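These notes are about the structure you will find just below.
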Amino acid sequence: MAIHEKSLIAPEDLITSDKLVVDGVDVSGHWNTMIKPRYISDYDPDFYKTIQSYGGGENVHRCWQCGSCTNSCTMYAINTDFNPRYWIYLVNLGMKDELLKDKDIIWQCVSCNKCTNICPKDVRPEGVMKALQHWLEAEGHTQKSNSTLFDEEFARQCLERGRIEDTEVIHNFLKKTGQDIVELVKNGWLGILVARMNKWPLLKQGKIIKFVARMPLLGPVKMGLMMVFKPRTKSWGRTGEVLRQYVEEQKRLAHESK
Amino acid sequence: MNETVLIVGAGPTGLSAAAGVASVGKKVVLIEKENRLGGAPIISGYAKLVPSGEWASDAIGRMVKRVKDDARITIHKSTTVTKVEGDFGNFSATLSNGQTVNAGAIILGTGFTHFDSINKPEWGFGTYEDVVTTTQVEQMVVAGKIACPSDGRVPERVCILLCVGSRDRQIGREWCSKICCTVSTNLAMEIKELSPKTDVFIYYMDIRTFGLYEDKYYWRAQEEYRTKFVKARIAEVTQGPDKRLLVKGEDTLVKRPIVIPMDLVVHAIGMDPNLDNPQIAKVFGVGLEKHGFLDRGEQYTSSFASTRRGIYVGGSALAPEDIDTSISHGLAMAVRAVGDLSGLGQKAA
């Protein structure tokens with residue numbers, strides 16, 4: 001027999017065994033699927049304060065669950081799992097685990113602000129979506145994109161030394177994103193880049209000496225040295241420190257002022 | 001023809017009616033079955049009233065004093081009416097103390113009875129000490145301390161269950177008691193004021209804080225006092241091994257069963273028809289409507305008429321009613337009674 005509204009059951013709560021005997025009766029086959037009940041066994045009544053501390057989430061506690069946001073939602077029309085009303089409810093009662101089940105959908109908000117326009121209690125659901133995204137990010141529930149990882153490495157070197165080393169940026173970027181450098185040279189973009197740095201036409205024209213002279217030999221050597229010595233911009237120490245403090249402070253302010 | 005008006009019940013409705021009739025110089029006989037005047041707000045020890053925020057003892061106390069100080073009003077406490085004879089203009093009522101009162105018109109402000117939560121045993125009232133009613137919490141607020149009756153501890157978490165004895169076909173209460181949502185949101189704020197560390201949850205089907213009570217009670221409780229509103233009709237209240245109460249139901253909006261520990265469970269009890277209504281109907285010869293409240297006559301040109309000429313009904317004897325509206329009913333009935341008697345006198349002249 002089919003399980004009604006099976007879509008509402010989380011896959012991990014569906015238990016199917018190949019062989020199942022209940023009270024001496026063999027129910028293998030047709031009747032062997034059991035559903036583990038999911039209970040809400042407690043609230044975290046202060047969780048909403050966390051979301052309020054992110055920009056946009058300030059009014060989340062006002063929600064009275066009329067559903068106007070979800071009804072007006074551009075995304076909900078396309079994907080009924082995208083349900084702002086529901087997430088706001090979970091925030092207010094502090095059901096973090098339930099919320100995290102949708103951590104990959106919350107990002108689909110297109111910020112059309114129809115919800116914010118229609119909300120009778122001025123909850124500003126679009127802002128809540130933003131706050132939720134920031135919270136997910138801050139709590140490490142989202143994977144950082146390759147471009148974020150690149151930016152982080154770039155910024156780190158800037159702050160530390162007032163300059164970047166191309167080789168080191170690429171090296172660390174590849175390491176952090178788990179990309180194999182050998183594979184990239186052989187079949188990927190790195191190989192193409194290196195190949196283009198060589199002046200193949202010179203070779204074809206028979207200008208061998210010119211070709212060798214133009215081969216990128218000095219560059220890599222210089223890069224290698226830079227990797228080892230990691231030179232800084234002159235008198236960078238104090239400047240870097242001030243900049244770092246400034247960045248930290250801005251981050252803190254952006255979070256606190258909300 | 002007798003111009004005296006007999007008023008039955010000295011709650012907000014009766015007190016208001018008595019003062020109204022006396023204010024135009026007519027005599028009143030006021031009958032109260034309890035030994036105190038003031039009705040439910042005084043007898044049950046309500047705390048602060050909606051929407052004035054005044055203590056019930058002060059506000060209703062003023063109404064009582066106004067009536068007591070009026071020489072035109074005769075008061076009989078601990079008394080009921082046992083027999084009514086005669087007709088409009090010339091009623092003769094026999095009291096339980098043996099006296100007879102002659103009156104031209106009768107006003108019934110006989111009120112309601114609080115729902116007895118024993119009738120919903122699955123919600124734990126009478127089984128667990130820490131399951132109480134809104135009336136009991138009102139009394140706690142008067143006493144200035146929110147505590148679990150079982151051991152006197154300050155509750156970490158309180159939940160209020162709405163619609164206890166209202167909107168429930170299972171127990172024959174097919175009406176909304178009108179005031180419980182407002183009372184409960186008001187109590188949620190008072191609990192938070194007395195005990196800031198207590199978290200208050202309200203389990204609801206809908207929130208019906210009517211009229212201007214919407215923002216003053218519902219919104220304020222939610223937005224300023226951080227009351228949590230959970231859309232769930234509770235199935236049962238049990239007790240966990242740690243003696244904390246377990247509230248079981250389905251969170252309708254999450255589509256998931258819940259079992260939540262609570263320290264104090266409060267029933268927002270509804271308003272039943274006065275338990276004495278069958279007797280009142282018999283003695284006064286007035287009809288009851290299908291739920292057991294006193295029935296109305298024609299409302300638009302004969303407001304507050306009962307089904308018997310010369311007898312008027314108002315306040316929570318008619319249906320669940322709030323105090324302010326009951327007071328208006330009382331005054332309206334005073335006008336009806338005095339006006340109709342005056343008309344009768346002119347006709348006779």
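We name chains A, B, ... following the order of the structure tokens; residues begin at 1 in each chain, and ligands are numbered from 1 as shown.
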**Item:** Long-range neighbours of Arg161 (chain A) as an NGL selection string, 8 Å cut-off, only C-alpha atoms, 5 positions minimum in chain
**Value:** :A and (231-233 or 236-237 or 240)
Could those selected residues go to a file with C-alpha atoms, as an mmCIF file, in the first residue's frame?
```
data_model
loop_
_atom_site.group_PDB
_atom_site.id
_atom_site.type_symbol
_atom_site.label_atom_id
_atom_site.label_comp_id
_atom_site.auth_asym_id
_atom_site.auth_seq_id
_atom_site.Cartn_x
_atom_site.Cartn_y
_atom_site.Cartn_z
ATOM 1 C CA PRO A 231 58.722 40.109 0.415
ATOM 2 C CA ARG A 232 56.565 42.793 1.946
ATOM 3 C CA THR A 233 55.724 46.245 0.759
ATOM 4 C CA TRP A 236 53.858 47.505 5.688
ATOM 5 C CA GLY A 237 53.773 46.256 9.280
ATOM 6 C CA GLY A 240 48.619 46.168 7.531
#
```
**Prompt:** Once you count only C-alpha atoms, which residues of chain B turn out to be within 12 Å of chain A? Could you give them as a PyMOL selection string?
**Reply:** chain B and resi 156-157+197-202+204-207+214-215+218-231+246-262
**Message:** Give me, as a PyMOL selection string, all polymer residues having an atom no more than 10 Å from region 129-135 of chain B, counting only C-alpha atoms and skipping those fewer than 3 positions away in the same chain.
**Reply:** chain B and resi 40-41+44-47+114-117+123-126+138-141+147-152+155+158-162+164+180+183-184+187+237+243-245+262-270
Any chance you can output those residues with N, CA and C atoms as a compact mmCIF listing (two decimals), in the first residue's frame?
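Writing the result to out25.txt gives the following:
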```
# COMPACT_ATOMS: atom_id res chain seq x y z
N ALA B 40 -18.62 38.10 38.79
CA ALA B 40 -17.44 37.28 38.52
C ALA B 40 -16.11 37.99 38.75
N PRO B 41 -15.95 39.26 38.34
CA PRO B 41 -14.64 39.90 38.53
C PRO B 41 -14.23 39.95 40.00
N SER B 44 -14.48 35.84 41.60
CA SER B 44 -13.38 34.98 41.13
C SER B 44 -12.02 35.65 41.25
N GLY B 45 -12.00 36.87 41.75
CA GLY B 45 -10.72 37.53 42.03
C GLY B 45 -9.90 37.87 40.80
N TYR B 46 -10.52 38.48 39.81
CA TYR B 46 -9.76 38.89 38.62
C TYR B 46 -8.70 39.93 39.00
N ALA B 47 -7.66 39.98 38.17
CA ALA B 47 -6.58 40.95 38.40
C ALA B 47 -6.91 42.26 37.68
N HIS B 114 -18.05 29.92 34.86
CA HIS B 114 -16.78 29.54 34.22
C HIS B 114 -16.84 28.07 33.82
N PHE B 115 -16.28 27.76 32.66
CA PHE B 115 -16.20 26.36 32.24
C PHE B 115 -15.38 25.58 33.27
N ASP B 116 -15.85 24.38 33.59
CA ASP B 116 -15.12 23.54 34.54
C ASP B 116 -14.19 22.61 33.76
N SER B 117 -12.89 22.84 33.89
CA SER B 117 -11.90 22.10 33.10
C SER B 117 -11.90 20.60 33.36
N TRP B 123 -6.61 17.16 29.26
CA TRP B 123 -5.70 18.28 29.41
C TRP B 123 -5.19 18.45 30.85
N GLY B 124 -5.43 17.42 31.66
CA GLY B 124 -4.71 17.29 32.93
C GLY B 124 -5.22 18.08 34.11
N PHE B 125 -6.25 18.90 33.93
CA PHE B 125 -6.75 19.66 35.09
C PHE B 125 -7.39 18.69 36.07
N GLY B 126 -7.03 18.81 37.33
CA GLY B 126 -7.55 17.90 38.34
C GLY B 126 -6.67 16.68 38.51
N GLU B 138 -5.17 34.65 37.22
CA GLU B 138 -5.62 36.00 37.62
C GLU B 138 -5.35 36.19 39.11
N GLN B 139 -5.70 35.17 39.89
CA GLN B 139 -5.51 35.26 41.33
C GLN B 139 -4.03 35.33 41.69
N MET B 140 -3.19 34.59 40.93
CA MET B 140 -1.73 34.67 41.16
C MET B 140 -1.24 36.09 40.91
N VAL B 141 -1.78 36.71 39.83
CA VAL B 141 -1.36 38.07 39.50
C VAL B 141 -1.75 39.02 40.62
N ALA B 147 3.61 31.12 40.37
CA ALA B 147 4.29 29.96 40.92
C ALA B 147 3.56 28.68 40.54
N CYS B 148 4.33 27.57 40.48
CA CYS B 148 3.71 26.28 40.24
C CYS B 148 3.08 25.81 41.54
N PRO B 149 1.79 25.47 41.52
CA PRO B 149 1.13 25.06 42.76
C PRO B 149 1.78 23.84 43.42
N SER B 150 2.41 22.96 42.62
CA SER B 150 2.94 21.72 43.19
C SER B 150 4.06 21.97 44.20
N ASP B 151 4.98 22.88 43.87
CA ASP B 151 6.09 23.09 44.81
C ASP B 151 6.48 24.55 44.96
N GLY B 152 5.68 25.43 44.40
CA GLY B 152 5.92 26.86 44.60
C GLY B 152 7.06 27.43 43.77
N PRO B 155 7.87 29.16 37.42
CA PRO B 155 7.96 28.36 36.20
C PRO B 155 8.91 28.95 35.17
N VAL B 158 5.67 28.57 30.72
CA VAL B 158 4.23 28.50 30.92
C VAL B 158 3.58 28.39 29.55
N CYS B 159 2.59 27.52 29.43
CA CYS B 159 1.82 27.56 28.19
C CYS B 159 0.35 27.76 28.51
N ILE B 160 -0.29 28.54 27.66
CA ILE B 160 -1.72 28.79 27.80
C ILE B 160 -2.42 28.07 26.67
N LEU B 161 -3.37 27.20 26.99
CA LEU B 161 -4.15 26.51 25.96
C LEU B 161 -5.44 27.27 25.75
N LEU B 162 -5.65 27.73 24.53
CA LEU B 162 -6.88 28.48 24.25
C LEU B 162 -8.04 27.53 23.95
N VAL B 164 -10.43 26.27 25.79
CA VAL B 164 -10.75 25.17 26.70
C VAL B 164 -12.21 25.38 27.12
N CYS B 180 -11.56 35.03 25.94
CA CYS B 180 -10.39 34.26 26.42
C CYS B 180 -9.09 34.62 25.70
N VAL B 183 -8.02 37.87 27.24
CA VAL B 183 -7.61 37.62 28.63
C VAL B 183 -6.25 36.90 28.64
N SER B 184 -6.09 35.92 27.75
CA SER B 184 -4.86 35.12 27.76
C SER B 184 -3.64 35.94 27.32
N LEU B 187 -2.82 38.10 30.17
CA LEU B 187 -2.14 37.34 31.22
C LEU B 187 -0.70 37.02 30.84
N VAL B 237 -2.19 16.34 28.02
CA VAL B 237 -1.14 16.81 28.91
C VAL B 237 -0.79 15.66 29.84
N LYS B 243 8.79 15.14 36.55
CA LYS B 243 7.60 15.82 37.10
C LYS B 243 7.18 17.04 36.29
N ARG B 244 7.95 17.36 35.26
CA ARG B 244 7.50 18.46 34.40
C ARG B 244 6.35 17.96 33.55
N LEU B 245 5.47 18.87 33.20
CA LEU B 245 4.33 18.48 32.38
C LEU B 245 4.77 18.35 30.92
N MET B 262 6.68 21.59 29.91
CA MET B 262 6.18 22.87 30.45
C MET B 262 6.15 22.76 31.98
N ASP B 263 6.31 23.90 32.63
CA ASP B 263 6.22 23.89 34.09
C ASP B 263 4.81 24.17 34.57
N LEU B 264 4.12 25.02 33.83
CA LEU B 264 2.76 25.39 34.22
C LEU B 264 1.90 25.40 32.96
N VAL B 265 0.79 24.70 33.02
CA VAL B 265 -0.14 24.69 31.89
C VAL B 265 -1.41 25.42 32.33
N VAL B 266 -1.81 26.40 31.54
CA VAL B 266 -2.97 27.22 31.91
C VAL B 266 -4.10 26.97 30.91
N HIS B 267 -5.26 26.64 31.42
CA HIS B 267 -6.43 26.50 30.56
C HIS B 267 -7.13 27.84 30.42
N ALA B 268 -7.28 28.32 29.21
CA ALA B 268 -8.05 29.55 29.00
C ALA B 268 -9.52 29.14 28.95
N ILE B 269 -10.12 29.10 30.13
CA ILE B 269 -11.47 28.54 30.23
C ILE B 269 -12.52 29.49 29.65
N GLY B 270 -13.52 28.89 29.04
CA GLY B 270 -14.56 29.67 28.40
C GLY B 270 -15.70 30.01 29.33
```
**Message:** Applying 8 Å and only C-alpha atoms, which residues near Lys19 (chain A) remain after dropping the ones on its own chain fewer than 3 positions away? List them as a ChimeraX atom specification.
**Reply:** /A:26-29,32
Store the residues picked out above in a file with C-alpha atoms, as a short mmCIF file (atom, residue, chain, number, x, y, z; two decimals), in the first residue's frame.
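Written output follows (selection_29.cif):
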```
data_model
loop_
_atom_site.label_atom_id
_atom_site.label_comp_id
_atom_site.auth_asym_id
_atom_site.auth_seq_id
_atom_site.Cartn_x
_atom_site.Cartn_y
_atom_site.Cartn_z
CA ASP A 26 6.20 -12.08 8.55
CA VAL A 27 5.46 -8.74 6.94
CA SER A 28 8.32 -8.75 4.47
CA GLY A 29 7.54 -7.32 1.10
CA ASN A 32 7.79 -3.80 5.33
#
```
**Expected answer as a PyMOL selection string: strand (DSSP E) residues in region 3-250 of chain A** = chain A and resi 14-16+21-22+25-26+33-35
Export of the given selection (N, CA and C atoms) as a compact mmCIF listing (two decimals), in the first residue's frame:
```txt
# COMPACT_ATOMS: atom_id res chain seq x y z
N LEU A 14 12.24 6.91 6.88
CA LEU A 14 11.59 5.77 6.24
C LEU A 14 12.47 4.54 6.45
N ILE A 15 11.93 3.56 7.13
CA ILE A 15 12.73 2.36 7.39
C ILE A 15 12.17 1.21 6.57
N THR A 16 12.98 0.71 5.69
CA THR A 16 12.56 -0.44 4.89
C THR A 16 13.53 -1.58 5.13
N VAL A 21 9.71 -9.18 10.64
CA VAL A 21 8.74 -9.99 11.36
C VAL A 21 8.24 -9.18 12.55
N VAL A 22 6.94 -8.92 12.60
CA VAL A 22 6.38 -8.17 13.72
C VAL A 22 5.44 -9.08 14.49
N VAL A 25 4.60 -12.28 12.96
CA VAL A 25 4.00 -12.29 11.62
C VAL A 25 5.01 -11.74 10.62
N ASP A 26 5.25 -12.52 9.58
CA ASP A 26 6.20 -12.08 8.55
C ASP A 26 5.54 -11.03 7.67
N THR A 33 7.59 -1.38 5.12
CA THR A 33 8.09 -0.01 5.30
C THR A 33 7.48 0.62 6.55
N MET A 34 8.36 1.10 7.41
CA MET A 34 7.91 1.73 8.65
C MET A 34 8.33 3.20 8.63
N ILE A 35 7.54 4.02 9.29
CA ILE A 35 7.90 5.43 9.38
C ILE A 35 8.27 5.75 10.82
```
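Comparing A:Ile209, A:Ile164, A:Ile88, A:Cys69 by their smallest distance to Cys119 (chain A), the closest is A:Cys69 (using only C-alpha atoms).
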**alpha helix (DSSP H) residues, from DSSP on the backbone, in region 54-241 of chain A, as a PyMOL selection string** = chain A and resi 68-72+74-78+84-93+96-100+114-118+125-138+146-161+166-176+181-187+189-197+200-204+208-214+218-229+236-241
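Using only C-alpha atoms, the protein and nucleic acid residues lying no more than 7 Å from region 273-284 of chain B, apart from those fewer than 6 places from it along its own chain, are Thr82, Lys83, Val84, Gly111, Phe112, Thr113, Gly292, Phe293 and Ala317 of chain B.
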**Request:** For region 6-22 of chain B, please output as a ChimeraX atom specification all residues within 7 Å (counting only C-alpha atoms; exclusion window: fewer than 5 positions along the same chain).
**Result:** /B:27-32,37-40,63-64,67,72-73,103,105-110,314-315,323,326-327,329-331,333-334,338
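Each of A:His171, A:Lys101, A:Lys176, A:Lys186 was compared to Met227 (chain A) using only C-alpha atoms, and A:His171 turns out to be the nearest.
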**Prompt:** Neighbours of Gly345 (chain B) within 12 Å (only C-alpha atoms; same-chain residues fewer than 5 positions away dropped), as a ChimeraX atom specification?
**Reply:** /B:1-3,88-90,104,338-340
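Nearest to Arg169 (chain B) of all the residues B:Tyr203, B:His291, B:Lys145, B:Arg62 is B:His291, based on only C-alpha atoms.
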**Asked** What is the distance, in Å and to one decimal place, between CA of Asp81 (chain A) and CA of Thr142 (chain A)?
**Response** 18.4 Å
